[in-house]
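What's in target_0.txt: compact mmCIF, C-alpha atoms (C1' of nucleotides)
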```
# COMPACT_ATOMS: atom_id res chain seq x y z
CA MET A 21 7.40 12.67 -18.27
CA SER A 22 3.78 13.11 -17.35
CA GLY A 23 1.31 14.20 -19.97
CA LEU A 24 0.10 16.89 -17.65
CA ASP A 25 1.96 19.40 -15.56
CA ASP A 26 0.16 20.11 -12.33
CA ARG A 27 3.16 21.70 -10.73
CA ALA A 28 1.67 25.14 -11.21
CA PHE A 29 -1.05 24.30 -8.72
CA GLY A 30 -0.62 24.27 -4.98
CA GLN A 31 -3.33 21.72 -4.37
CA LEU A 32 -3.85 18.69 -6.60
CA GLY A 33 -7.11 18.72 -8.56
CA ALA A 34 -9.28 15.91 -9.89
CA ALA A 35 -7.56 15.97 -13.32
CA PHE A 36 -4.30 14.89 -11.72
CA PHE A 37 -5.83 11.52 -10.85
CA GLN A 38 -7.70 10.86 -14.09
CA ARG A 39 -4.71 9.35 -15.86
CA PRO A 40 -3.05 5.93 -16.18
CA ALA A 41 -2.01 4.54 -12.78
CA GLU A 42 1.70 4.37 -13.61
CA GLN A 43 1.75 8.05 -14.56
CA VAL A 44 -0.06 9.12 -11.41
CA ALA A 45 2.16 6.86 -9.31
CA ARG A 46 5.29 8.45 -10.76
CA ASP A 47 3.99 11.98 -10.38
CA LEU A 48 2.97 11.43 -6.75
CA ILE A 49 6.64 11.15 -5.78
CA GLY A 50 7.50 14.50 -4.19
CA VAL A 51 3.89 15.37 -3.38
CA THR A 52 3.10 16.25 0.23
CA LEU A 53 0.37 14.14 1.85
CA LEU A 54 -1.26 15.22 5.10
CA VAL A 55 -4.03 13.45 7.00
CA ASP A 56 -5.44 15.68 9.70
CA GLY A 57 -2.33 17.81 9.35
CA VAL A 58 0.07 14.88 9.84
CA GLY A 59 2.33 13.51 7.12
CA GLY A 60 5.13 14.45 4.73
CA THR A 61 6.55 13.98 1.24
CA ILE A 62 5.59 10.82 -0.63
CA VAL A 63 8.75 8.90 -1.56
CA GLU A 64 7.42 5.51 -2.72
CA THR A 65 4.34 4.35 -4.65
CA GLU A 66 3.11 1.40 -6.71
CA ALA A 67 0.63 1.32 -9.59
CA TYR A 68 -2.12 -1.27 -10.09
CA ASP A 69 -4.76 -1.49 -12.82
CA SER A 70 -7.49 -3.87 -13.92
CA GLU A 71 -5.28 -5.50 -16.60
CA ASP A 72 -2.78 -6.41 -13.94
CA PRO A 73 -2.96 -9.90 -12.37
CA ALA A 74 -1.47 -8.49 -9.15
CA SER A 75 -4.29 -5.98 -8.75
CA HIS A 76 -7.32 -6.50 -6.52
CA SER A 77 -9.38 -5.27 -9.48
CA PHE A 78 -8.09 -7.89 -11.95
CA ARG A 79 -11.14 -10.15 -11.61
CA GLY A 80 -13.69 -7.37 -11.65
CA PRO A 81 -15.61 -5.47 -8.99
CA THR A 82 -16.20 -7.01 -5.54
CA PRO A 83 -17.41 -5.49 -2.27
CA ARG A 84 -13.84 -4.85 -1.16
CA ASN A 85 -12.48 -3.24 -4.33
CA ALA A 86 -15.65 -1.35 -5.31
CA VAL A 87 -13.96 2.00 -4.66
CA MET A 88 -11.35 1.23 -7.33
CA PHE A 89 -14.15 1.17 -9.89
CA GLY A 90 -15.58 4.45 -8.64
CA PRO A 91 -14.39 7.97 -9.44
CA ALA A 92 -10.72 8.96 -9.45
CA GLY A 93 -9.27 10.95 -6.57
CA HIS A 94 -10.70 8.89 -3.74
CA VAL A 95 -9.03 6.65 -1.17
CA TYR A 96 -9.14 2.87 -1.28
CA VAL A 97 -8.21 1.51 2.15
CA TYR A 98 -8.09 -2.22 2.79
CA ARG A 99 -6.80 -4.55 5.50
CA ILE A 100 -3.88 -6.80 4.74
CA TYR A 101 -2.90 -9.97 6.59
CA GLY A 102 -5.71 -9.24 9.06
CA LEU A 103 -3.34 -6.81 10.74
CA HIS A 104 -2.44 -3.67 8.81
CA TRP A 105 -4.14 -1.07 6.64
CA CYS A 106 -3.00 -0.05 3.16
CA LEU A 107 -3.77 3.34 1.58
CA ASN A 108 -4.40 3.77 -2.14
CA PHE A 109 -5.47 6.68 -4.33
CA THR A 110 -7.98 5.71 -7.01
CA VAL A 111 -7.39 6.87 -10.58
CA GLY A 112 -10.56 5.48 -12.15
CA LEU A 113 -11.47 2.39 -14.23
CA GLY A 114 -10.39 -0.09 -11.60
CA ALA A 115 -6.91 1.36 -11.17
CA ALA A 116 -5.21 2.80 -8.11
CA VAL A 117 -1.88 3.82 -6.62
CA LEU A 118 -0.61 2.29 -3.39
CA ILE A 119 1.13 4.81 -1.13
CA ARG A 120 4.06 2.85 0.28
CA ALA A 121 6.28 5.35 2.08
CA LEU A 122 6.78 9.00 2.87
CA ARG A 123 9.32 11.22 4.55
CA PRO A 124 7.82 12.24 7.92
CA GLU A 125 7.80 16.02 8.16
CA THR A 126 4.66 17.43 9.76
CA GLY A 127 3.16 16.24 13.03
CA LEU A 128 6.21 14.22 14.05
CA GLU A 129 5.02 14.04 17.65
CA ALA A 130 1.72 12.48 16.63
CA MET A 131 3.50 9.95 14.42
CA ARG A 132 5.99 9.02 17.14
CA ALA A 133 3.15 8.56 19.60
CA ARG A 134 1.24 6.29 17.23
CA ARG A 135 4.34 4.23 16.44
CA ARG A 136 5.94 4.05 19.81
CA GLY A 137 9.64 3.34 20.05
CA VAL A 138 10.24 3.39 16.32
CA ALA A 139 13.13 5.30 14.73
CA ASP A 140 11.99 8.33 12.73
CA ARG A 141 13.34 6.77 9.55
CA LEU A 142 10.84 3.91 9.95
CA LEU A 143 7.77 5.92 10.94
CA CYS A 144 6.25 5.74 7.45
CA ALA A 145 8.59 3.29 5.67
CA GLY A 146 5.99 0.85 4.36
CA PRO A 147 2.27 0.85 3.55
CA GLY A 148 1.17 -0.54 6.92
CA ARG A 149 3.56 1.65 8.88
CA LEU A 150 2.44 4.75 7.01
CA CYS A 151 -1.20 4.04 7.81
CA GLU A 152 -0.41 3.57 11.48
CA ALA A 153 1.58 6.83 11.63
CA LEU A 154 -1.14 8.80 9.83
CA ALA A 155 -4.03 7.02 11.59
CA VAL A 156 -5.48 5.85 8.27
CA GLU A 157 -8.09 3.11 8.75
CA GLY A 158 -10.91 1.30 7.02
CA ALA A 159 -13.54 3.86 7.96
CA MET A 160 -11.86 6.25 5.49
CA ASN A 161 -12.43 3.92 2.53
CA GLY A 162 -14.11 5.78 -0.33
CA HIS A 163 -13.38 9.24 1.06
CA SER A 164 -12.47 12.03 -1.38
CA LEU A 165 -8.83 13.14 -1.50
CA MET A 166 -9.90 16.71 -2.15
CA ALA A 167 -11.63 17.16 1.20
CA PRO A 168 -10.50 17.05 4.84
CA PRO A 169 -8.91 15.24 6.56
CA PHE A 170 -6.84 14.76 3.39
CA GLU A 171 -4.57 17.42 1.94
CA LEU A 172 -2.26 17.03 -1.06
CA ARG A 173 0.22 19.68 -2.09
CA GLN A 174 2.47 19.67 -5.12
CA GLY A 175 6.22 19.88 -4.54
CA GLU A 176 8.46 22.66 -5.82
CA ALA A 177 10.79 20.82 -8.17
CA ARG A 178 10.38 17.67 -10.21
CA PRO A 179 12.22 14.99 -8.22
CA ALA A 180 14.46 12.20 -9.54
CA VAL A 181 12.25 9.09 -9.67
CA VAL A 182 13.38 5.50 -10.20
CA ALA A 183 11.16 2.60 -11.37
CA SER A 184 11.62 -0.96 -10.13
CA ARG A 185 9.72 -4.21 -9.50
CA ARG A 186 6.82 -4.07 -7.08
CA ILE A 187 7.15 -5.64 -3.62
CA GLY A 188 5.42 -8.63 -2.07
CA LEU A 189 3.71 -10.04 -5.17
CA SER A 190 3.39 -13.59 -6.46
CA VAL A 191 2.21 -12.50 -9.92
CA GLY A 192 2.94 -9.52 -12.12
CA VAL A 193 6.44 -9.44 -10.69
CA ASP A 194 8.11 -8.19 -13.87
CA THR A 195 6.13 -4.99 -14.18
CA LEU A 196 8.25 -2.00 -13.19
CA TRP A 197 5.47 -0.09 -11.44
CA ARG A 198 7.17 0.70 -8.15
CA PHE A 199 8.31 4.31 -8.08
CA SER A 200 10.77 5.73 -5.55
CA LEU A 201 12.46 9.01 -4.80
CA SER A 202 16.04 8.37 -5.85
CA GLY A 203 18.33 7.82 -2.87
CA SER A 204 15.70 8.43 -0.21
CA PRO A 205 16.44 6.87 3.19
CA TYR A 206 12.70 6.68 3.93
CA LEU A 207 11.81 3.86 1.51
CA SER A 208 10.19 0.62 2.71
CA LYS A 209 13.10 -1.20 1.11
CA PRO A 210 16.09 -0.05 -0.93
CA VAL A 211 15.74 -0.09 -4.70
CA PRO A 212 17.72 -3.11 -5.95
CA ALA A 213 20.93 -2.21 -7.75
CA GLU A 214 20.92 -2.53 -11.53
CA ARG A 215 22.85 -5.26 -13.24
C1' DA B 23 -19.64 -23.95 4.94
C1' DG B 24 -14.83 -24.66 4.62
C1' DC B 25 -10.19 -23.51 2.68
C1' DT B 26 -6.46 -20.60 1.01
C1' DT B 27 -3.96 -16.63 0.79
C1' DG B 28 -2.41 -12.14 1.22
C1' DA B 29 -0.08 -4.96 -2.42
C1' DT B 30 3.01 -6.62 5.81
C1' DT B 31 5.49 -6.17 9.94
C1' DG B 32 8.35 -7.24 13.78
C1' DC B 33 10.80 -10.36 16.38
C1' DC B 34 13.78 -14.46 16.46
C1' DT B 35 18.11 -17.09 15.26
C1' DG C 24 17.33 -15.10 6.61
C1' DG C 25 13.07 -17.41 8.79
C1' DC C 26 8.60 -17.27 10.62
C1' DA C 27 4.45 -16.13 13.51
C1' DA C 28 0.66 -12.92 14.02
C1' DT C 29 -4.29 -12.66 12.62
C1' DC C 30 -8.58 -12.53 9.79
C1' DA C 31 -11.64 -11.43 6.11
C1' DA C 32 -12.14 -11.47 1.08
C1' DG C 33 -12.69 -14.42 -2.45
C1' DC C 34 -12.93 -18.95 -4.32
C1' DT C 35 -14.45 -23.72 -4.50
C1' DA C 36 -18.41 -26.80 -3.44
```
What's the structure tokens form of this structure?
Amino acid sequence: MSGLDDRAFGQLGAAFFQRPAEQVARDLIGVTLLVDGVGGTIVETEAYDSEDPASHSFRGPTPRNAVMFGPAGHVYVYRIYGLHWCLNFTVGLGAAVLIRALRPETGLEAMRARRRGVADRLLCAGPGRLCEALAVEGAMNGHSLMAPPFELRQGEARPAVVASRRIGLSVGVDTLWRFSLSGSPYLSKPVPAER
DNA sequence: AGCTTGATTGCCT
DNA sequence: GGCAATCAAGCTA
């Protein structure tokens, strides 16, 4: 249901990112993300924009979130809880997509080494875990997604995507801007059952 | 200058 | 399910 079909292209271009965050977030499910040749298929994302009280950009530009107000198609990396990194893709106008989980496929040895003793299913099952497995860190903040070490490739088929509430928020909890690959065992958390 | 809190994770009971 | 780890951004003053 995206307004734009990039599936004809092998590599994602700038136009892919210049759209509303929830559309980009949904369309990123099934896309392959590699950082220095290590990564896999994105299975979970969340959208944030400047109208959203849960977003870092809600109260306007600051030193930390400046990249969100810059051009689309760049990475916004920030530290959370003083411990972990979180990776986002900017989509312009203060909006971005948090990359929450992916299915580890390429460079498994590197990921296992970086996350010692962890089951493969949990290598990239969460924003902080994913950054550890892919060696994403603050120094990459502001870097373009269309240049090394980043590589994004479109998937073959359009995957089944489910929307649900975002995780870990104290505000904006009713917005269904978490997107997951239906039935994937590599999610940070299962999608709650409907009722 | 001081205080609060967080788009998390892993280990404990 | 509960909670500690660990610290800087952002807010109040």
Restricting to all atoms listed in the file, whichever of A:Arg173, A:Arg79, A:Pro40, A:Asp56 is closest to DC34 (chain C) is A:Arg79
Which residue out of A:Ala92, A:Leu32, A:Leu103, A:Val117 has the minimum interatomic distance to chain C when all atoms listed in the file are used?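 Between A:Ala92, A:Leu32, A:Leu103, A:Val117, the residue approaching chain C most closely is A:Leu103.
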Report the distance between CA of Cys106 (chain A) and CA of Ser164 (chain A) in Å, rounded to one decimal place.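 Going from CA of Cys106 (chain A) over to CA of Ser164 (chain A), I get 16.0 Å.
Neighbouring residues of DG28 (chain B) at 12 Å or closer, counting all atoms listed in the file and skipping chain neighbours under 6 positions away, are Ala74, Ser75, His76, Tyr98, Arg99, Ile100, Tyr101, Gly102, Leu103, His104, Gly188, Leu189 and Ser190 of chain A; DT29, DC30, DA31, DA32 and DG33 of chain C.
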Let me have the centre and edge lengths in Å, one decimal, of the box along x, y and z around every listed atom of region 24-33 of chain C with 3 Å of margin on each side, as JSON.
```
{"center_x": 2.3, "center_y": -14.4, "center_z": 5.8, "size_x": 36.0, "size_y": 12.0, "size_z": 22.5}
```
